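*Asks:* Here it is: the structure, laid out below.
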Amino acid sequence: MSFALKDDRSEKEIFAHRAVLASLFVLSLMLVLAGRMFFLQVTEHDVYATKSDNNRVQLKSVAPIRGLIFDRNGVLLAENLPSHSLTVVIERVENLDETLALIDTLVGLTVEEKSKFLKRVNQWRRPYEAIPIKYKLSEIAIAKLMVNNPFLIGVQVEAELIRHYPQGADFAHVLGYVGQINEREKKRLDPSRYKATRRIGKIGVERYYEDLLHGEPGYQKVETNAQGRVLKVLERQSPVPGRNLMLNIDSVLQKKAYDAFKGRRGSLVAIDPKTGGILAMVSSPSFDPNLFVNGISHNKYNSLRDSLDKPLFDRATRGQYPPGSTMKPFIGLGFLESGVTNWAETIEDPGWYMLENDERVYRDWKRKGHGDSIGLRHAIIQSCDTYFYEMSFRTGIDYLNPFLSKFGFGQNTSLDVGNALPALLPTREWKKANRGRSWYAGDTLNLALGQGYMLATPLQLATAMSVFAAKGKWNRSKLVQYIDGEPLLEENKPEDVIIKNPDDWDRMGRAMEGVIKHYMGTAKGLARNLNYRLAAKTGTAQVVGIKQNEEYDSEALKERQRDHALFVSFAPVDDPKIAVAVVVENGESAGSTAGPIAKQVIDRFLNQAKIDESLGALYGR
Amino acid sequence: MAGDFSRQLDLGDGSGKSILQKLHLDPKLLGLLLLLCIGGLFILYSASGQNMGMVYRQATYFALGFIIMLVIAQFHPRWFQMGAPWMYGAGIIALLLVLLVGVGAKGAQRWLSVFGVFRFQPSELMKLVVPMTMAWFLASKVLPPRLNVIAISMAIIFIPTLLVMKQPDLGTSLLIAASGLFVLLLAGLSWRWIAIALCTVLAIAPVMWYGVMHDYQKQRVLTFLDPESDPLGSGWNIIQSKTAIGSGGIEGKGWMQGTQSQLEFLPERHTDFIIAVYAEEHGLIGVFLLLCLYLAIVIRGLYMSTRARDSFSRLLSGALVVTFFIYVFVNIGMVSGILPVVGVPLPLISYGGTSIVTLMAAFGVIMSIYTHRQV
């Protein structure tokens with residue numbers, strides 16, 4: 001239909017008309033471009049010529065000052081100290097080899113400093129960026145460099161603030177450390193925020209709170225001469241310093257705990273049950289985090305990494321141990337809650353237990369057994385295994401697993417411990433998927449002793465103990481108490497543990513007190529010089545599997561194959577203020593290794609609180 | 001001035017058929033293009049920091065481009081007309097494939113790997129295919145186009161545009177849209193519709209700004225429009241390129257003497273920002289000469305378009321020429337700081353094979369249309 005109306009001549013005319021218009025359009029836009037170029041190259045020429053000529057105007061990003069970290073009493077844990085470093089602007093240097101040789105003769109360059117510097121030179125960088133070559137210059141070195149200034153064109157001594165950790169190894173795993181930004185991090189970071197920043201939090205609090213600690217950069221427009229020296233600051237926008245953090249940790253308690261290990265391998269975590277605040281968190285042995293700030297040397301790093309004691313490994317949050325009998329208070333509550341037994345029922349313990357249709361003999365740690373009438377209270381005090389075999393068989397995994405998970409096992413419930421591991425609370429499904437076999441009744445018996453597949457971190461044990469001490473009320477564990485004076489908000493609290501008979505919390509607590517006080521208690525040695533009510537449970541975890549009918553001879557085993565000693569506790573029993581979990585690797589006897597460490601820390605915490613109170617009364621506060 | 005040019009360039013038309021004409025090439029356009037390419041190599045030598053390897057590679061791209069132009073010029077325009085819808089369909093499928101299985105670079109998927117042997121950018125091809133399809137579609141309709149025709153045209157233009165935008169490649173998608181819209185404008189789209197379209201855009205913009213967009217989206221638009229508000233990020237390029245251009249003055253600092261570019265202040269100096277190097281080293285005089293050369297190519301191209309044999313050829317040829325100019329305008333506008341930064345190379349000067357091949361293919365089409373008009 002439309003074909004009939006097509007008229008090539010008129011279309012040609014329309015096109016010719018439009019083509020003329022298009023030419024005019026093109027011409028006018030060309031005039032716009034020409035006008036713009038005229039404006040830049042003639043009208044504004046002077047402005048841009050100044051910019052581009054020898055006295056170059058540069059825009060420099062100014063790094064913000066990193067936020068400070070304090071302990072709960074205001075003791076400084078991470079600060080920024082002034083330090084002088086030597087930097088080189090490659091574009092200004094005429095002969096890099098000669099300049100490096102001169103620097104070497106003046107202040108000395110190690111092979112490592114040189115290779116790190118050359119590596120940075122070959123990476124992408126902004127033109128005229130100053131590249132650091134040597135840190136922590138001494139006064140003498142600075143003087144030598146200043147005197148030779150005329151021969152060192154493009155080389156500058158820069159003052160900068162460097163992170164310092166005055167508490168050293170005590171806090172290495174908690175605070176972590178800052179280190180130089182590497183290539184991978186560079187890709188991840190927002191370049192406009194990190195342009196002038198050289199270091200970033202690598203692990204611990206420094207990493208988890210990197211965003212808050214870092215602050216917002218400012219910038220300054222500077223006029224520099226041909227040597228790259230700043231002559232004048234033209235415009236400046238000040239950086240916003242990072243936020244200051246106040247931790248829940250008490251540095252005195254932390255030090256006490258770390259020293260209590262006397263270099264032994266292990267970990268302690270102490271939590272305030274009322275808030276979830278982490279009062280102390282120690283992984284022993286540790287290392288000096290200050291080594292990492294300016295880049296640790298290969299030798300030092302290798303010796304730390306390859307040490308058998310694994311000082312770099314954070315046992316508190318990433319060490320996964322079979323919790324052993326420290327699980328009994330939780331599992332015991334589970335028995336009561338499921339209704340399979342009560343406080344009154346007793347069983348007979350011949351020293352072993354057997355399941356129907358199973359040849360395996362499940363032994364009690366006490367070969368002769370705990371007598372013919374043992375109930376829950378004494379199963380806790382004496383840590384009777386047979387009782388737990390029998391009751392866990394009655395209760396079953398399908399009840400125990402969800403009950404234990406209410407205490408945070410198998411999960412990372414911490415609010416701000418970034419890299420804590422969830423460890424493992426096994427389920428039927430987990431075993432099927434990971435071991436390819438069904439869940440056997442025997443697996444439940446092993447679980448009841450905190451053995452078999454079950455794993456927990458010291459942080460999880462302390463958290464569970466803290467929830468227990470608070471009678472089931474949940475507070476997620478947290479390192480930070482205040483951010484710039486603002487309290488840390490707690491989100492997504494797990495559901496409180498509610499039991500049918502709340503009296504059971506007290507009764508179980510008193511049973512745990514018996515572990516210390518009763519003459520048959522597994523940690524009765526701790527009762528001496530005790531001026532508060534302490535509730536506890538010991539545990540040992542096998543490191544080496546023991547075959548059926550084989551004698552366990554600890555003397556013959558090497559030190560590193562001995563059992564791990566575990567200890568969980570809280571105090572005072574009537575008004576819990578602190579919950580503590582301790583693991584001593586290959587500590588063997590919990591009552592004599594892990595227990596005393598926990599007691600020292602609790603002593604210090606509760607007695608210091610008393611001293612503070614009386615001092616407060618004295619000075620009328 | 002424009003008239004002078006076309007009259008001058010008209011002189012050669014009466015003479016008998018030269019070898020070039022037998023090869024279906026227009027000697028004047030060819031001469032102008034050669035001039036531009038050779039000049040471009042000199043600019044590149046300086047802008048690349050005297051990198052002869054890069055200059056050789058660019059020369060190879062030019063040679064390849066001229067061969068492609070020559071081959072395409074041999075086709076009769078009716079082949080383009082018949083092939084247009086098929087190429088369009090294939091192009092859309094290729095764009096969809098890019099989104100599904102494309103190869104990414106810098107966060108965007110633009111490449112399609114063919115048998116794992118070589119890679120190509122379907123969006124680049126669409127710069128040619130969209131105007132070709134538009135010309136094919138409009139050529140069969142009564143012109144100036146009516147409302148229903150305009151509606152279908154919009155679909156033809158915006159389906160590929162949106163697909164490319166999704167890659168995401170905003171710059172290329174806008175250029176594809178522009179190349180299609182120019183066909184519509186050259187076909188005589190009535191002023192009423194142009195006015196209505198402009199008014200709609202102007203009316204919707206404030207509604208979007210105050211009603212629909214989130215703060216962070218607004219911030220993005222603001223940085224996009226005013227990169228200097230982010231002086232260390234995307235603003236760095238523009239501040240440096242303006243400094244380079246401005247410090248060049250009237251006469252320039254001399255070939256290979258530009259301090260901004262030679263001291264590596266200027267990023268992407270051999271690709272998108274090459275005009276800044278040129279302006280710094282050759283000054284306003286050099287810039288005017290280059291603009292005149294581009295203007296001559298565009299005017300010659302438009303003149304050739306008016307001489308085409310039918311509506312299809314006219315529309316296609318005209319749109320390709322105007323689009324070529326738009327590349328020039330967008331690139332120089334962005335480097336000199338009057339347009340936001342989108343990744344558009346300076347035609348036949350910036351280093352890079354893809355752009356050269358596409359542009360020379362377009363000139364091949366223009367040559368074919370002009371030289372086949374008498375047949």
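Going through the structure tokens in order, the chains are called A, B, and so on, while each chain numbers its residues from 1 and the ligands are numbered from 1 in the order shown.
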Could you list, as a list in words, the residues of chain A having an atom within 7 Å of chain B when counting only C-alpha atoms?

*Replies:*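 My answer is Ser2, Leu5, Lys6, Glu11, Ile14, Phe15, Ala16, Arg18, Ala19, Ser23, Leu33, Ala34, Met37, Phe38, Leu40, Gln41, Val42, Glu44, His45, Tyr48, Ala49, Lys51, Ser52, Pro127 and Ser192 of chain A.
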
*Asks:* Could you write those residues out with N, CA and C atoms, as an mmCIF file, in the first residue's frame?

*Replies:*
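Full text of selection-v1.cif as output:
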data_model
loop_
_atom_site.group_PDB
_atom_site.id
_atom_site.type_symbol
_atom_site.label_atom_id
_atom_site.label_comp_id
_atom_site.auth_asym_id
_atom_site.auth_seq_id
_atom_site.Cartn_x
_atom_site.Cartn_y
_atom_site.Cartn_z
ATOM 1 N N SER A 2 1.883 1.189 0.894
ATOM 2 C CA SER A 2 2.740 2.355 0.989
ATOM 3 C C SER A 2 3.622 2.494 -0.249
ATOM 4 N N LEU A 5 2.762 5.057 -2.742
ATOM 5 C CA LEU A 5 2.961 6.458 -2.388
ATOM 6 C C LEU A 5 4.433 6.858 -2.405
ATOM 7 N N LYS A 6 5.346 5.866 -2.548
ATOM 8 C CA LYS A 6 6.769 6.210 -2.490
ATOM 9 C C LYS A 6 7.158 7.078 -3.666
ATOM 10 N N GLU A 11 11.842 12.085 -1.830
ATOM 11 C CA GLU A 11 12.717 11.558 -0.789
ATOM 12 C C GLU A 11 14.129 12.077 -0.969
ATOM 13 N N ILE A 14 14.156 15.546 0.340
ATOM 14 C CA ILE A 14 14.198 15.549 1.812
ATOM 15 C C ILE A 14 15.608 15.266 2.284
ATOM 16 N N PHE A 15 16.234 14.237 1.664
ATOM 17 C CA PHE A 15 17.565 13.845 2.106
ATOM 18 C C PHE A 15 18.569 14.965 1.886
ATOM 19 N N ALA A 16 18.499 15.558 0.708
ATOM 20 C CA ALA A 16 19.438 16.640 0.402
ATOM 21 C C ALA A 16 19.282 17.753 1.425
ATOM 22 N N ARG A 18 18.105 17.441 4.452
ATOM 23 C CA ARG A 18 18.634 17.009 5.755
ATOM 24 C C ARG A 18 20.160 16.941 5.746
ATOM 25 N N ALA A 19 20.748 16.579 4.614
ATOM 26 C CA ALA A 19 22.205 16.498 4.530
ATOM 27 C C ALA A 19 22.819 17.876 4.734
ATOM 28 N N SER A 23 25.289 18.937 7.674
ATOM 29 C CA SER A 23 26.560 19.644 7.507
ATOM 30 C C SER A 23 26.647 20.817 8.472
ATOM 31 N N LEU A 33 34.093 22.507 19.351
ATOM 32 C CA LEU A 33 35.391 21.916 19.694
ATOM 33 C C LEU A 33 36.508 22.933 19.517
ATOM 34 N N ALA A 34 36.467 23.629 18.394
ATOM 35 C CA ALA A 34 37.515 24.619 18.126
ATOM 36 C C ALA A 34 37.489 25.690 19.219
ATOM 37 N N MET A 37 38.974 24.295 22.387
ATOM 38 C CA MET A 37 40.428 24.225 22.281
ATOM 39 C C MET A 37 41.032 25.622 22.398
ATOM 40 N N PHE A 38 40.379 26.594 21.777
ATOM 41 C CA PHE A 38 40.859 27.974 21.851
ATOM 42 C C PHE A 38 40.864 28.423 23.317
ATOM 43 N N LEU A 40 41.053 26.561 26.019
ATOM 44 C CA LEU A 40 42.096 25.889 26.798
ATOM 45 C C LEU A 40 43.486 26.377 26.412
ATOM 46 N N GLN A 41 43.712 26.517 25.107
ATOM 47 C CA GLN A 41 45.092 26.717 24.644
ATOM 48 C C GLN A 41 45.475 28.186 24.534
ATOM 49 N N VAL A 42 44.479 29.086 24.479
ATOM 50 C CA VAL A 42 44.816 30.500 24.381
ATOM 51 C C VAL A 42 44.371 31.236 25.641
ATOM 52 N N GLU A 44 43.117 30.128 28.572
ATOM 53 C CA GLU A 44 43.571 29.546 29.829
ATOM 54 C C GLU A 44 45.006 29.030 29.754
ATOM 55 N N HIS A 45 45.688 29.358 28.679
ATOM 56 C CA HIS A 45 47.021 28.797 28.455
ATOM 57 C C HIS A 45 47.945 28.992 29.653
ATOM 58 N N TYR A 48 47.338 26.568 32.557
ATOM 59 C CA TYR A 48 47.781 25.193 32.327
ATOM 60 C C TYR A 48 49.283 25.103 32.124
ATOM 61 N N ALA A 49 49.856 26.168 31.568
ATOM 62 C CA ALA A 49 51.307 26.150 31.384
ATOM 63 C C ALA A 49 51.990 26.104 32.752
ATOM 64 N N LYS A 51 50.757 24.927 35.435
ATOM 65 C CA LYS A 51 50.501 23.595 35.989
ATOM 66 C C LYS A 51 51.500 22.597 35.450
ATOM 67 N N SER A 52 51.763 22.696 34.179
ATOM 68 C CA SER A 52 52.519 21.636 33.535
ATOM 69 C C SER A 52 54.026 21.872 33.608
ATOM 70 N N PRO A 127 52.416 8.145 38.560
ATOM 71 C CA PRO A 127 53.636 8.900 38.284
ATOM 72 C C PRO A 127 54.003 9.803 39.472
ATOM 73 N N SER A 192 40.381 5.090 46.133
ATOM 74 C CA SER A 192 40.352 6.484 46.555
ATOM 75 C C SER A 192 40.513 6.600 48.076
#

*Asks:* List as a ChimeraX atom specification the protein and nucleic acid residues near region 169-178 of chain B, meaning an atom at most 8 Å away when only C-alpha atoms are counted, but skip any in the same chain fewer than 2 places from it.

*Replies:* /B:108,110,123-124,126-127,130,157-158,160-162,164-167,180-182,323,326-327,342-344

*Asks:* I need the residues from that last selection saved to file as a PDB file, in the first residue's frame (with C-alpha atoms), if you can.

*Replies:*
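Output file selection-v2.pdb follows:
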ATOM      1  CA  ALA B 108      32.392  -6.160  31.344  1.00  0.00           C
ATOM      2  CA  ARG B 110      32.169  -7.695  25.357  1.00  0.00           C
ATOM      3  CA  SER B 123      28.851  -4.606  19.636  1.00  0.00           C
ATOM      4  CA  GLU B 124      31.471  -3.173  17.288  1.00  0.00           C
ATOM      5  CA  MET B 126      26.413  -3.421  15.356  1.00  0.00           C
ATOM      6  CA  LYS B 127      27.736   0.091  14.797  1.00  0.00           C
ATOM      7  CA  VAL B 130      22.114  -0.990  12.977  1.00  0.00           C
ATOM      8  CA  ILE B 157      17.552   0.741  17.400  1.00  0.00           C
ATOM      9  CA  PHE B 158      16.984   0.095  21.062  1.00  0.00           C
ATOM     10  CA  PRO B 160      20.758  -3.882  20.386  1.00  0.00           C
ATOM     11  CA  THR B 161      21.396  -0.676  22.344  1.00  0.00           C
ATOM     12  CA  LEU B 162      19.966  -2.168  25.515  1.00  0.00           C
ATOM     13  CA  VAL B 164      25.126  -3.596  24.693  1.00  0.00           C
ATOM     14  CA  MET B 165      24.274  -1.404  27.665  1.00  0.00           C
ATOM     15  CA  LYS B 166      23.801  -4.595  29.650  1.00  0.00           C
ATOM     16  CA  GLN B 167      27.395  -5.792  28.958  1.00  0.00           C
ATOM     17  CA  GLY B 180      20.418   4.415  14.136  1.00  0.00           C
ATOM     18  CA  LEU B 181      18.794   7.685  15.085  1.00  0.00           C
ATOM     19  CA  PHE B 182      20.762   9.541  12.429  1.00  0.00           C
ATOM     20  CA  THR B 323      28.318   8.731  13.089  1.00  0.00           C
ATOM     21  CA  ILE B 326      30.147  11.860  16.327  1.00  0.00           C
ATOM     22  CA  TYR B 327      33.122   9.662  17.292  1.00  0.00           C
ATOM     23  CA  VAL B 342      33.215   7.327  27.934  1.00  0.00           C
ATOM     24  CA  GLY B 343      35.625   5.001  26.216  1.00  0.00           C
ATOM     25  CA  VAL B 344      35.570   6.227  22.603  1.00  0.00           C
TER      26      VAL B 344
END

*Asks:* Using DSSP on the backbone coordinates, identify all residues within region 422-516 of chain A classified as strand (DSSP E or B); present the result as number ranges by chain.

*Replies:* A: 424, 455-456, 478, 480-483, 486-487

*Asks:* In Å, rounded to a single decimal, give me how far CA of Ser373 (chain A) is from CA of Glu345 (chain A).

*Replies:*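 Going from CA of Glu345 (chain A) over to CA of Ser373 (chain A), I get 8.8 Å.
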
*Asks:* Near Asn419 (chain A), counting only C-alpha atoms, which residues have an atom at most 9 Å away, once you skip same-chain residues fewer than 6 positions from it, shown as a ChimeraX atom specification?

*Replies:* /A:203-204,208,317-318,412

*Asks:* Could you go through region 231-346 of chain A and tell me which residues DSSP, when run on the backbone, assigns to helix (DSSP H, G or I), listing them as a PyMOL selection string?

*Replies:* chain A and resi 251-260+290-293+298-306+315-318+324-338

*Asks:* Would you work out the distance separating CA of Arg315 (chain A) from CA of Val252 (chain A), expressed in Å to one decimal?

*Replies:* 20.3 Å

*Asks:* In Å, rounded to a single decimal, give me how far CA of Ile90 (chain A) is from CA of Val157 (chain A).

*Replies:*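 According to the coordinates, CA of Val157 (chain A) and CA of Ile90 (chain A) are separated by 14.5 Å.
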